[in-house]
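Quick look at structure-v7.cif (mmCIF, C-alpha atoms):
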data_protein
loop_
_atom_site.label_atom_id
_atom_site.label_comp_id
_atom_site.auth_asym_id
_atom_site.auth_seq_id
_atom_site.Cartn_x
_atom_site.Cartn_y
_atom_site.Cartn_z
CA MET B 1 -14.81 4.90 -7.00
CA LYS B 2 -11.23 6.12 -6.51
CA LEU B 3 -10.68 3.46 -3.85
CA LEU B 4 -11.68 0.72 -6.31
CA PHE B 5 -9.40 2.22 -8.94
CA ASP B 6 -6.51 2.33 -6.47
CA LEU B 7 -7.18 -1.29 -5.47
CA PHE B 8 -7.52 -2.48 -9.08
CA PRO B 9 -4.16 -4.34 -9.27
CA LEU B 10 -4.79 -5.99 -5.88
CA LEU B 11 -8.28 -7.10 -6.91
CA VAL B 12 -6.95 -8.49 -10.19
CA PHE B 13 -4.18 -10.30 -8.29
CA PHE B 14 -6.68 -11.88 -5.89
CA GLY B 15 -9.18 -12.80 -8.60
CA VAL B 16 -6.56 -14.49 -10.75
CA PHE B 17 -4.95 -16.18 -7.72
CA SER B 18 -8.36 -17.64 -6.83
CA VAL B 19 -8.44 -19.42 -10.20
CA TYR B 20 -4.78 -20.01 -11.08
CA ASP B 21 -1.54 -19.78 -9.11
CA ILE B 22 0.59 -17.01 -7.63
CA PHE B 23 2.77 -16.75 -10.73
CA VAL B 24 -0.14 -16.13 -13.11
CA ALA B 25 -1.69 -13.78 -10.53
CA THR B 26 1.57 -11.85 -10.26
CA GLY B 27 1.76 -11.47 -14.04
CA ALA B 28 -1.84 -10.24 -14.05
CA ALA B 29 -1.06 -7.74 -11.26
CA ILE B 30 1.89 -6.41 -13.27
CA GLY B 31 -0.40 -5.94 -16.28
CA ALA B 32 -3.10 -4.33 -14.12
CA SER B 33 -0.61 -1.88 -12.59
CA LEU B 34 0.74 -0.93 -16.02
CA LEU B 35 -2.84 -0.49 -17.25
CA GLN B 36 -3.71 1.63 -14.22
CA VAL B 37 -0.80 4.04 -14.66
CA GLY B 38 -1.24 4.02 -18.44
CA TRP B 39 -4.90 4.98 -18.05
CA LEU B 40 -4.03 7.85 -15.73
CA LYS B 41 -1.41 9.14 -18.17
CA PHE B 42 -3.77 8.72 -21.15
CA ALA B 43 -6.59 10.52 -19.31
CA GLY B 44 -4.23 13.39 -18.48
CA ARG B 45 -4.55 12.81 -14.76
CA LYS B 46 -1.79 13.07 -12.20
CA VAL B 47 -0.11 9.77 -11.41
CA GLU B 48 0.26 9.78 -7.64
CA THR B 49 3.52 8.82 -5.97
CA MET B 50 1.76 5.78 -4.50
CA HIS B 51 1.00 4.50 -8.01
CA TRP B 52 4.62 4.98 -9.14
CA ILE B 53 6.06 3.21 -6.08
CA THR B 54 3.59 0.36 -6.39
CA LEU B 55 4.22 0.05 -10.12
CA GLY B 56 7.99 -0.02 -9.63
CA ALA B 57 7.75 -2.62 -6.88
CA ILE B 58 5.36 -4.88 -8.79
CA VAL B 59 7.37 -4.68 -12.01
CA VAL B 60 10.71 -5.39 -10.30
CA LEU B 61 9.66 -7.87 -7.60
CA GLY B 62 6.73 -9.32 -9.53
CA GLY B 63 8.93 -9.65 -12.59
CA ALA B 64 11.54 -11.51 -10.53
CA THR B 65 8.79 -13.75 -9.15
CA VAL B 66 7.63 -14.73 -12.63
CA LEU B 67 11.12 -14.95 -14.12
CA PHE B 68 12.64 -17.09 -11.37
CA LYS B 69 9.42 -18.91 -10.39
CA ASP B 70 10.05 -17.90 -6.78
CA ASP B 71 7.19 -16.31 -4.83
CA ALA B 72 9.55 -14.91 -2.18
CA PHE B 73 10.00 -11.81 -4.35
CA ILE B 74 6.27 -11.00 -4.51
CA ARG B 75 5.95 -11.69 -0.79
CA TRP B 76 8.55 -8.95 -0.18
CA LYS B 77 6.66 -6.43 -2.35
CA PRO B 78 4.20 -5.13 0.31
CA THR B 79 7.06 -4.69 2.77
CA VAL B 80 9.11 -2.73 0.24
CA VAL B 81 6.13 -0.48 -0.52
CA TYR B 82 5.27 -0.01 3.17
CA TRP B 83 8.86 0.83 4.03
CA CYS B 84 9.13 3.33 1.16
CA PHE B 85 6.09 5.09 2.59
CA ALA B 86 7.48 4.87 6.14
CA ALA B 87 10.79 6.37 5.00
CA THR B 88 8.92 9.20 3.29
CA MET B 89 6.88 9.87 6.43
CA PHE B 90 9.93 9.86 8.70
CA VAL B 91 12.00 12.09 6.42
CA THR B 92 9.22 14.65 6.02
CA GLN B 93 8.63 14.57 9.76
CA PHE B 94 11.96 16.35 10.21
CA VAL B 95 12.80 17.85 6.79
CA GLY B 96 10.78 20.31 4.77
CA ARG B 97 7.91 22.65 5.42
CA LYS B 98 5.14 20.07 5.09
CA THR B 99 4.83 16.48 6.20
CA ALA B 100 3.95 13.82 3.63
CA ILE B 101 0.42 13.53 5.05
CA GLU B 102 -0.06 17.29 4.84
CA TYR B 103 1.20 17.26 1.26
CA VAL B 104 -1.35 14.55 0.33
CA MET B 105 -4.35 15.73 2.34
CA GLY B 106 -3.63 19.41 2.88
CA SER B 107 -5.75 20.57 -0.04
CA GLN B 108 -8.87 19.01 1.51
CA LEU B 109 -8.26 19.47 5.24
CA GLU B 110 -7.01 22.19 7.51
CA LEU B 111 -5.26 21.08 10.69
CA PRO B 112 -2.89 22.67 13.18
CA ARG B 113 0.77 21.90 12.50
CA ASN B 114 1.09 19.60 15.52
CA ARG B 115 -1.84 17.47 14.28
CA TRP B 116 -0.26 17.09 10.83
CA ARG B 117 2.94 15.98 12.53
CA PHE B 118 1.06 13.55 14.79
CA MET B 119 -0.75 12.01 11.83
CA ASN B 120 2.43 11.81 9.77
CA LEU B 121 4.42 10.14 12.54
CA SER B 122 1.54 7.75 13.23
CA PHE B 123 1.33 6.76 9.57
CA GLY B 124 5.11 6.30 9.51
CA VAL B 125 5.06 3.97 12.51
CA PHE B 126 2.02 2.13 11.13
CA THR B 127 3.58 1.50 7.71
CA LEU B 128 6.87 0.45 9.29
CA ALA B 129 4.99 -2.04 11.50
CA MET B 130 2.90 -3.28 8.57
CA GLY B 131 6.11 -4.03 6.67
CA PHE B 132 7.33 -6.20 9.54
CA LEU B 133 3.92 -7.83 9.91
CA ASN B 134 3.88 -8.68 6.20
CA LEU B 135 7.31 -10.36 6.53
CA TYR B 136 6.09 -12.37 9.50
CA VAL B 137 2.97 -13.62 7.74
CA ALA B 138 4.78 -14.17 4.44
CA PHE B 139 7.70 -16.19 5.77
CA TYR B 140 7.07 -17.36 9.35
CA TYR B 141 3.34 -17.67 10.03
CA GLY B 142 2.34 -21.25 9.30
CA ALA B 143 5.89 -22.25 8.37
CA ASP B 144 5.06 -25.80 9.43
CA LEU B 145 2.15 -25.94 6.96
CA ASP B 146 2.16 -27.12 3.38
CA PRO B 147 3.79 -24.35 1.27
CA GLU B 148 0.63 -23.88 -0.83
CA ILE B 149 -1.49 -23.38 2.28
CA GLN B 150 1.06 -20.99 3.77
CA GLN B 151 1.05 -19.08 0.47
CA LYS B 152 -2.76 -18.91 0.54
CA HIS B 153 -2.67 -17.58 4.12
CA TRP B 154 -0.31 -14.83 3.01
CA VAL B 155 -2.47 -13.89 0.01
CA TYR B 156 -5.60 -13.66 2.16
CA PHE B 157 -3.71 -11.59 4.74
CA LYS B 158 -2.33 -9.33 2.00
CA VAL B 159 -5.75 -8.76 0.46
CA PHE B 160 -8.09 -8.72 3.45
CA GLY B 161 -5.97 -8.43 6.59
CA THR B 162 -3.96 -5.41 5.48
CA LEU B 163 -7.07 -3.62 4.19
CA ILE B 164 -8.92 -4.18 7.46
CA LEU B 165 -5.94 -3.11 9.57
CA THR B 166 -5.48 0.00 7.42
CA PHE B 167 -9.14 1.02 7.66
CA VAL B 168 -9.14 0.48 11.45
CA PHE B 169 -5.92 2.50 11.78
CA ILE B 170 -7.32 5.38 9.70
CA PHE B 171 -10.54 5.34 11.72
CA VAL B 172 -8.62 5.54 15.02
CA ILE B 173 -6.32 8.32 13.76
CA MET B 174 -9.31 10.31 12.52
CA LEU B 175 -10.91 10.00 15.96
CA PHE B 176 -7.79 11.55 17.49
CA VAL B 177 -7.68 14.52 15.12
CA SER B 178 -11.38 14.95 14.29
CA LYS B 179 -11.97 17.80 16.74
CA ASP B 180 -9.27 19.84 15.00
CA ILE B 181 -10.28 19.15 11.37
CA LYS B 182 -11.65 21.95 9.24
CA VAL B 183 -12.76 20.85 5.78
CA LYS B 184 -11.68 23.26 3.07
CA GLU B 185 -14.44 24.37 0.75
CA SER B 186 -13.84 23.64 -2.92
CA GLN B 187 -13.75 26.65 -5.19
#

So, in terms of structure tokens, how does the structure I just supplied come out?
Amino acid sequence: MKLLFDLFPLLVFFGVFSVYDIFVATGAAIGASLLQVGWLKFAGRKVETMHWITLGAIVVLGGATVLFKDDAFIRWKPTVVYWCFAATMFVTQFVGRKTAIEYVMGSQLELPRNRWRFMNLSFGVFTLAMGFLNLYVAFYYGADLDPEIQQKHWVYFKVFGTLILTFVFIFVIMLFVSKDIKVKESQ
């Protein structure tokens, strides 16, 4: 259920894009992100850093997309978000007592320090690479195609391709660290 909640703005974006255009879909995604964070605040739940970064990126870059009627801004949004996460991973790899991954997952899992660092560095490299991959698909893949078709390719990659790549990456990482994982019992 949490996964669907986290994907809510993306699902709204895709659903609206399927019926209208990227500008209406972007406006809907802005509204969905505001609704998502608003609901968390209203319910008294913690708004995760991911939600704040995504909200900031969609409001700024999505707002520029709608205001200037230029989809280049929204195409940059995943890269900006990925690179914010990558920067966080790389900084916490070398600064602080805990890595970003340990901070997020440490309450549920117990791992040796070297495994936390391996996972953190892996996620950092992955999100950095995903940012570059998004730029490639957004601006270069199918550049010889009709702009609407190129735009559709990017949207499908953003919605389905990135989700599949992320799930495969997480699966592979978990295979590497699974022998060292100890699940913490809830109290």

Open item on the list: Here's the selection I'm unsure about, the PyMOL selection byres ((chain B and resi 103) around 12); applied to the file above, which residues does it give, as number ranges by chain?
Closed with: B: 48-49, 88-89, 92-93, 96-102, 104-110, 116-117, 119-120

Open item on the list: Measuring between only C-alpha atoms, which one of B:Ala129, B:Val137, B:Met174, B:Ile30 shows the shortest distance to Lys152 of chain B?
Closed with: B:Val137

- [ ] To verify the selection step, state as a ChimeraX atom specification which residues the PyMOL selection byres ((chain B and resi 154) around 10) yields on this input.
- [x] /B:75,134-139,141-142,148-153,155-161

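The smallest atom-to-atom distance between Asp180 of chain B and any of B:Leu111, B:Val168, B:Met130, B:Leu67, using all atoms listed in the file, is found for B:Leu111.
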
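The residues returned by the PyMOL selection byres ((chain B and resi 13) around 9) for this structure are Phe8, Pro9, Leu10, Leu11, Val12, Phe14, Gly15, Val16, Phe17, Ser18, Ile22, Val24, Ala25, Thr26, Gly27, Ala28, Ala29, Ile30 and Ala32 of chain B.
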
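Atom pair atom CA of Leu165 of chain B / atom CA of Gly131 of chain B has a distance of 12.4 Å (rounded to one decimal).
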
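Here the question is which of B:Phe94, B:Phe23, B:Ala87, B:Asp144 gets nearest to Ala64 of chain B using only C-alpha atoms, and that residue is B:Phe23.
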
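The interatomic distance for the pair atom CA of Ile181 of chain B and atom CA of Val125 of chain B works out to 21.6 Å.
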
TODO: Figure out the distance between atom CA of Trp52 of chain B and atom CA of Gly31 of chain B, please, to one decimal in Å.
DONE: 14.0 Å

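The closest residue to Ser33 of chain B, picked from B:Val19, B:Leu55, B:Phe169, B:Lys46 and counting all atoms listed in the file, is B:Leu55.
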
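With all atoms listed in the file as the basis for measurement, B:Leu163 is the residue among B:Leu163, B:Cys84, B:Ile58, B:Val91 that approaches Leu3 of chain B most closely.
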
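Compared by their closest atoms to Ser178 of chain B, and using only C-alpha atoms, the residues B:Lys77, B:His51, B:Lys69, B:Arg115 rank with B:Arg115 nearest.
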
Is it possible to add N, CA and C atoms to segment 153-169 of chain B and hand it back as a compact mmCIF listing (two decimals), in the frame of the given file?
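The file below, selection.txt, is the result:
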# COMPACT_ATOMS: atom_id res chain seq x y z
N HIS B 153 -2.50 -18.41 2.91
CA HIS B 153 -2.67 -17.58 4.12
C HIS B 153 -2.10 -16.19 3.88
N TRP B 154 -0.92 -16.13 3.27
CA TRP B 154 -0.31 -14.83 3.01
C TRP B 154 -1.16 -14.00 2.05
N VAL B 155 -1.65 -14.63 0.99
CA VAL B 155 -2.47 -13.89 0.01
C VAL B 155 -3.72 -13.34 0.69
N TYR B 156 -4.40 -14.14 1.48
CA TYR B 156 -5.60 -13.66 2.16
C TYR B 156 -5.26 -12.55 3.15
N PHE B 157 -4.14 -12.67 3.85
CA PHE B 157 -3.71 -11.59 4.74
C PHE B 157 -3.43 -10.33 3.94
N LYS B 158 -2.70 -10.47 2.83
CA LYS B 158 -2.33 -9.33 2.00
C LYS B 158 -3.57 -8.61 1.48
N VAL B 159 -4.55 -9.37 1.05
CA VAL B 159 -5.75 -8.76 0.46
C VAL B 159 -6.71 -8.25 1.53
N PHE B 160 -7.05 -9.09 2.48
CA PHE B 160 -8.09 -8.72 3.45
C PHE B 160 -7.52 -8.18 4.76
N GLY B 161 -6.52 -8.85 5.30
CA GLY B 161 -5.97 -8.43 6.59
C GLY B 161 -5.39 -7.03 6.56
N THR B 162 -4.58 -6.74 5.53
CA THR B 162 -3.96 -5.41 5.48
C THR B 162 -5.00 -4.32 5.23
N LEU B 163 -6.01 -4.62 4.42
CA LEU B 163 -7.07 -3.62 4.19
C LEU B 163 -7.83 -3.32 5.48
N ILE B 164 -8.19 -4.37 6.21
CA ILE B 164 -8.92 -4.18 7.46
C ILE B 164 -8.07 -3.41 8.47
N LEU B 165 -6.83 -3.82 8.63
CA LEU B 165 -5.94 -3.11 9.57
C LEU B 165 -5.77 -1.64 9.18
N THR B 166 -5.64 -1.39 7.89
CA THR B 166 -5.48 0.00 7.42
C THR B 166 -6.72 0.83 7.69
N PHE B 167 -7.90 0.28 7.41
CA PHE B 167 -9.14 1.02 7.66
C PHE B 167 -9.33 1.28 9.17
N VAL B 168 -9.03 0.29 10.00
CA VAL B 168 -9.14 0.48 11.45
C VAL B 168 -8.15 1.55 11.90
N PHE B 169 -6.93 1.50 11.41
CA PHE B 169 -5.92 2.50 11.78
C PHE B 169 -6.38 3.90 11.38
